[in-house]
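Asks: Have a look at this one before I ask anything.
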Amino acid sequence: MSTAQSSIIRRPKAAISLTSINVFHLRNPLVVAWWSLVYPGFGHMRLVSVAKGFFLFAGELLINTQAHINLAILYSFTGNFAMAKQVLDTHLLLLYCGILVFAVWESYRIAIEVNKFSVLADHDNDPIGPTVISGVGFNAFDKRNPWLAAAWSMLMPGAGHLYALEIIVAIFMMIGGGAIIYLSHLLPAIGYTALGQFAQAKSVLDWQWLLNIPSFYCFSIYDAYVKTVEFNKLFDQEQAQFFRNKYQSPLFPMPLKSV
Amino acid sequence: MYLVASFHYNLHTEIAITKVEELGIKKEQIFAVPLEKRGETRNIFDTIHHADGVSMFDGGAILGSACMVLGVIYGFVLTWGPIIWGLIGLGGGFLVGFLLDLSFSRFKHSKERRKDTDGELFLMVNCDEHQVEAVKAALWDHLALGVAVLPDN
């Protein structure tokens with residue numbers, strides 16, 4: 001009984017599965033709260049609270065699209081307050097405040113909790129399993145270039161996550177990002193802009209959907225970059241642990257002993 | 001004879017040790033010293049409100065995303081449209097945020113911050129004289145940063 005209990009790792013540092021790696025590492029709670037502010041759900045995804053993150057993201061997207069909040073923001077910032085009031089649909093509008101403030105508050109709270117777990121896990125320093133393999137794939141700690149992850153995400157949201165082996169988030173980014181890009185008519189507008197036909201670019205865009213893109217795009221780059229950095233650190237930590245356990249035998253004949 | 005080599009943390013380092021063991025050298029004859037890195041102290045009050053080492057990207061990402069939103073919005077009324085102004089916002093915001101972060105952390109951590117250390121791990125191998133060349137080759141082949149040979153005293 002006691003041996004079974006002692007084999008339980010109470011404060012694990014990381015978990016690895018075929019579709020993702022999850023690490024308790026220190027994060028700045030204010031930065032997490034910022035991502036929740038730009039898009040409810042992103043802060044939770046930063047904390048690898050993926051199910052909550054997807055749920056909040058879908059909720060904000062639904063409310064925003066129904067209430068035309070992005071359009072109201074657009075008109076308000078450009079001084080057209082009459083249009084801003086006119087365009088808003090009040091059926092779901094007030095729920096937006098709830099979901100936004102909840103996402104910011106809760107992601108901040110979880111960030112602090114995760115930081116505590118991170119400190120405890122680093123102190124306990126229990127072994128971390130660096131590899132999983134099954135009939136359909138594998139996942140392992142390895143060193144990757146964070147700038148390459150950022151570059152792939154710049155080219156296509158989600159690609160950097162695929163590179164970092166964060167497959168669930170990558171699928172979300174690719175399908176979600178693809179849908180937003182399609183519905184906003186971004187790519188035809190880029191074509192017109194490249195040809196210098198700015199008026200046509202503006203008229204082809206769906207502005208309600210377009211305003212989702214800056215936050216989505218920036219988050220996909222940032223998250224891929226930071227995750228790659230953290231996975232590299234995890235690799236270092238695990239390897240150092242392995243060498244300490246396996247290659248520091250007391251039988252090693254130390255040089256210059258007789259001096 | 002002793003061989004001393006320095007390495008990065010890398011899969012190649014594990015392969016190097018495996019190769020050395022395959023040359024007939026026992027685990028007890030290999031001694032690894034993983035170095036702790038500066039700036040990874042676990043001071044909860046210092047670090048809980050400060051991202052660890054990735055903060056150089058935080059400022060850029062925050063200001064970049066904020067300015068990109070503003071660029072897209074004001075592209076609605078400006079001639080060049082939302083795409084060019086969005087990209088200008090992203091680039092300009094990222095640069096300003098990055099520089100702010102950089103100057104702030106230079107100011108705050110000028111002593112603690114170091115470039116990525118060159119050697120992260122030291123390896124000592126005890127072997128017979130006739131094995132030295134083979135061990136040395138195995139270490140160099142797997143990205144050793146430097147190798148030295150010490151004679152028995």
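As shown in the structure tokens, the chain order sets the letters A, B, ...; within each chain, residues go from 1, and ligands are also counted from 1 in the order they appear.
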So that I can see what lies close to region 89-97 of chain A, please list as number ranges by chain the residues with an atom at most 8 Å from it, counting only C-alpha atoms and leaving out residues fewer than 4 positions away in the same chain.

Replies: A: 60, 63-64, 66-69, 101

Asks: Which residues of chain B have any atom within 6 Å of an atom in chain A when counting only C-alpha atoms, and what is the closest pair of atoms for each, with the distance in Å to one decimal? Order the rows by chain and rising number and write it as JSON lines.

Replies:
{"residue": "B:Tyr9", "atom": "CA", "partner": "A:Asp236", "partner_atom": "CA", "distance": 5.4}
{"residue": "B:Glu28", "atom": "CA", "partner": "A:Phe252", "partner_atom": "CA", "distance": 5.2}
{"residue": "B:Gln29", "atom": "CA", "partner": "A:Phe252", "partner_atom": "CA", "distance": 5.4}
{"residue": "B:Ile30", "atom": "CA", "partner": "A:Tyr247", "partner_atom": "CA", "distance": 6.0}
{"residue": "B:Phe31", "atom": "CA", "partner": "A:Tyr247", "partner_atom": "CA", "distance": 5.0}
{"residue": "B:Ala32", "atom": "CA", "partner": "A:Tyr247", "partner_atom": "CA", "distance": 5.4}
{"residue": "B:Pro34", "atom": "CA", "partner": "A:Ala240", "partner_atom": "CA", "distance": 5.3}
{"residue": "B:His49", "atom": "CA", "partner": "A:Asn28", "partner_atom": "CA", "distance": 5.0}
{"residue": "B:His50", "atom": "CA", "partner": "A:Asn28", "partner_atom": "CA", "distance": 5.0}
{"residue": "B:Ala51", "atom": "CA", "partner": "A:Asn28", "partner_atom": "CA", "distance": 4.7}
{"residue": "B:Ser65", "atom": "CA", "partner": "A:Cys218", "partner_atom": "CA", "distance": 5.7}
{"residue": "B:Met68", "atom": "CA", "partner": "A:Pro214", "partner_atom": "CA", "distance": 5.8}
{"residue": "B:Val69", "atom": "CA", "partner": "A:Pro214", "partner_atom": "CA", "distance": 5.6}
{"residue": "B:Ile73", "atom": "CA", "partner": "A:Leu74", "partner_atom": "CA", "distance": 5.6}
{"residue": "B:Trp80", "atom": "CA", "partner": "A:Phe198", "partner_atom": "CA", "distance": 5.7}
{"residue": "B:Gly81", "atom": "CA", "partner": "A:Phe198", "partner_atom": "CA", "distance": 5.8}

Asks: Would you mind exporting the chosen residues as a PDB file, in the first residue's frame, restricted to C-alpha atoms?

Replies:
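Done, and the output landed in result20.pdb:
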ATOM      1  CA  TYR B   9      21.150  19.867 -24.066  1.00  0.00           C
ATOM      2  CA  GLU B  28      30.361   4.056 -14.039  1.00  0.00           C
ATOM      3  CA  GLN B  29      33.138   5.418 -16.253  1.00  0.00           C
ATOM      4  CA  ILE B  30      30.953   8.247 -17.558  1.00  0.00           C
ATOM      5  CA  PHE B  31      30.243  11.258 -15.402  1.00  0.00           C
ATOM      6  CA  ALA B  32      27.841  13.962 -16.534  1.00  0.00           C
ATOM      7  CA  PRO B  34      24.440  19.259 -16.154  1.00  0.00           C
ATOM      8  CA  HIS B  49       4.560  38.335 -12.065  1.00  0.00           C
ATOM      9  CA  HIS B  50       7.277  38.077 -14.624  1.00  0.00           C
ATOM     10  CA  ALA B  51       7.399  35.597 -17.466  1.00  0.00           C
ATOM     11  CA  SER B  65      -1.965  42.974 -31.445  1.00  0.00           C
ATOM     12  CA  MET B  68      -2.991  45.902 -35.454  1.00  0.00           C
ATOM     13  CA  VAL B  69      -6.613  46.171 -34.315  1.00  0.00           C
ATOM     14  CA  ILE B  73     -10.140  49.951 -37.714  1.00  0.00           C
ATOM     15  CA  TRP B  80      -4.678  52.565 -47.966  1.00  0.00           C
ATOM     16  CA  GLY B  81      -7.360  50.430 -46.365  1.00  0.00           C
TER      17      GLY B  81
END

Asks: Running DSSP on the backbone, which parts of region 87-184 of chain A land in helix (DSSP H, G or I), as a PDB file with C-alpha atoms, in the first residue's frame?

Replies:
ATOM      1  CA  VAL A  87     -25.924  48.543 -35.791  1.00  0.00           C
ATOM      2  CA  LEU A  93     -25.361  42.364 -26.178  1.00  0.00           C
ATOM      3  CA  LEU A  94     -25.253  42.440 -22.392  1.00  0.00           C
ATOM      4  CA  LEU A  95     -24.071  38.835 -22.165  1.00  0.00           C
ATOM      5  CA  TYR A  96     -20.849  39.999 -23.802  1.00  0.00           C
ATOM      6  CA  CYS A  97     -19.830  41.893 -20.671  1.00  0.00           C
ATOM      7  CA  GLY A  98     -20.276  38.746 -18.607  1.00  0.00           C
ATOM      8  CA  ILE A  99     -18.259  36.477 -20.838  1.00  0.00           C
ATOM      9  CA  LEU A 100     -15.471  39.029 -21.297  1.00  0.00           C
ATOM     10  CA  VAL A 101     -15.005  39.902 -17.644  1.00  0.00           C
ATOM     11  CA  PHE A 102     -15.329  36.267 -16.559  1.00  0.00           C
ATOM     12  CA  ALA A 103     -12.676  35.149 -19.059  1.00  0.00           C
ATOM     13  CA  VAL A 104     -10.232  37.856 -17.936  1.00  0.00           C
ATOM     14  CA  TRP A 105     -10.784  37.251 -14.238  1.00  0.00           C
ATOM     15  CA  GLU A 106     -10.668  33.478 -14.416  1.00  0.00           C
ATOM     16  CA  SER A 107      -7.627  33.208 -16.644  1.00  0.00           C
ATOM     17  CA  TYR A 108      -5.766  35.529 -14.257  1.00  0.00           C
ATOM     18  CA  ARG A 109      -6.788  33.323 -11.340  1.00  0.00           C
ATOM     19  CA  ILE A 110      -5.753  30.089 -13.095  1.00  0.00           C
ATOM     20  CA  ALA A 111      -2.433  31.632 -14.138  1.00  0.00           C
ATOM     21  CA  ILE A 112      -1.542  32.238 -10.502  1.00  0.00           C
ATOM     22  CA  GLU A 113      -2.641  28.720  -9.590  1.00  0.00           C
ATOM     23  CA  VAL A 114      -0.571  27.206 -12.397  1.00  0.00           C
ATOM     24  CA  ASN A 115       2.442  29.225 -11.231  1.00  0.00           C
ATOM     25  CA  LYS A 116       2.105  27.664  -7.797  1.00  0.00           C
ATOM     26  CA  PHE A 117       1.923  24.167  -9.307  1.00  0.00           C
ATOM     27  CA  SER A 118       4.961  25.043 -11.365  1.00  0.00           C
ATOM     28  CA  VAL A 119       7.013  26.049  -8.330  1.00  0.00           C
ATOM     29  CA  LEU A 120       5.972  22.884  -6.461  1.00  0.00           C
ATOM     30  CA  ALA A 121       6.725  20.636  -9.424  1.00  0.00           C
ATOM     31  CA  ASP A 122      10.173  22.183  -9.900  1.00  0.00           C
ATOM     32  CA  HIS A 123      10.895  21.619  -6.239  1.00  0.00           C
ATOM     33  CA  ASP A 124       9.771  17.964  -6.232  1.00  0.00           C
ATOM     34  CA  PRO A 146      10.788  29.208 -31.739  1.00  0.00           C
ATOM     35  CA  TRP A 147      11.300  31.718 -34.552  1.00  0.00           C
ATOM     36  CA  LEU A 148      10.524  29.008 -37.070  1.00  0.00           C
ATOM     37  CA  ALA A 149       7.283  28.257 -35.193  1.00  0.00           C
ATOM     38  CA  ALA A 150       6.410  31.984 -35.291  1.00  0.00           C
ATOM     39  CA  ALA A 151       7.230  32.155 -39.002  1.00  0.00           C
ATOM     40  CA  TRP A 152       5.005  29.178 -39.831  1.00  0.00           C
ATOM     41  CA  SER A 153       2.164  30.727 -37.850  1.00  0.00           C
ATOM     42  CA  MET A 154       2.621  33.982 -39.754  1.00  0.00           C
ATOM     43  CA  LEU A 155       2.188  32.091 -42.995  1.00  0.00           C
ATOM     44  CA  ALA A 159       1.064  25.708 -38.641  1.00  0.00           C
ATOM     45  CA  GLY A 160       3.425  26.787 -35.864  1.00  0.00           C
ATOM     46  CA  HIS A 161       1.403  24.701 -33.420  1.00  0.00           C
ATOM     47  CA  LEU A 162       1.662  21.687 -35.698  1.00  0.00           C
ATOM     48  CA  TYR A 163       5.438  22.208 -35.756  1.00  0.00           C
ATOM     49  CA  ILE A 167      -2.103  19.175 -32.564  1.00  0.00           C
ATOM     50  CA  ILE A 168      -5.464  19.941 -30.883  1.00  0.00           C
ATOM     51  CA  VAL A 169      -4.793  23.677 -30.778  1.00  0.00           C
ATOM     52  CA  ALA A 170      -3.412  23.495 -34.313  1.00  0.00           C
ATOM     53  CA  ILE A 171      -6.639  21.951 -35.619  1.00  0.00           C
ATOM     54  CA  PHE A 172      -8.661  24.646 -33.851  1.00  0.00           C
ATOM     55  CA  MET A 173      -6.432  27.387 -35.266  1.00  0.00           C
ATOM     56  CA  MET A 174      -6.532  26.032 -38.792  1.00  0.00           C
ATOM     57  CA  ILE A 175     -10.277  25.409 -38.985  1.00  0.00           C
ATOM     58  CA  GLY A 176     -11.263  28.490 -36.962  1.00  0.00           C
ATOM     59  CA  GLY A 177      -8.737  30.725 -38.692  1.00  0.00           C
ATOM     60  CA  GLY A 178      -9.687  29.380 -42.103  1.00  0.00           C
ATOM     61  CA  ALA A 179     -13.373  30.051 -41.450  1.00  0.00           C
ATOM     62  CA  ILE A 180     -12.726  33.613 -40.240  1.00  0.00           C
ATOM     63  CA  ILE A 181     -10.442  34.339 -43.200  1.00  0.00           C
ATOM     64  CA  TYR A 182     -13.083  32.997 -45.600  1.00  0.00           C
ATOM     65  CA  LEU A 183     -16.037  34.848 -44.041  1.00  0.00           C
ATOM     66  CA  SER A 184     -14.160  38.154 -43.818  1.00  0.00           C
TER      67      SER A 184
END

Asks: May I ask for the distance between CA of Ala134 (chain B) and CA of Ser6 (chain B), given in Å to one decimal place?

Replies: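 Result for CA of Ala134 (chain B) versus CA of Ser6 (chain B): 17.0 Å, one decimal.
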
Asks: Could you go through region 15-208 of chain A and tell me which residues DSSP, when run on the backbone, assigns to strand (DSSP E or B), listing them as an MDAnalysis selection string?

Replies: chainID A and resid 15:16 21:23 131:134 137:140

Asks: Write out as number ranges by chain each polymer residue whose atoms come within 9 Å of Leu165 (chain A), counting only C-alpha atoms; drop sequence neighbours fewer than 5 positions from it.

Replies: A: 18-21, 139-140, 160, 170
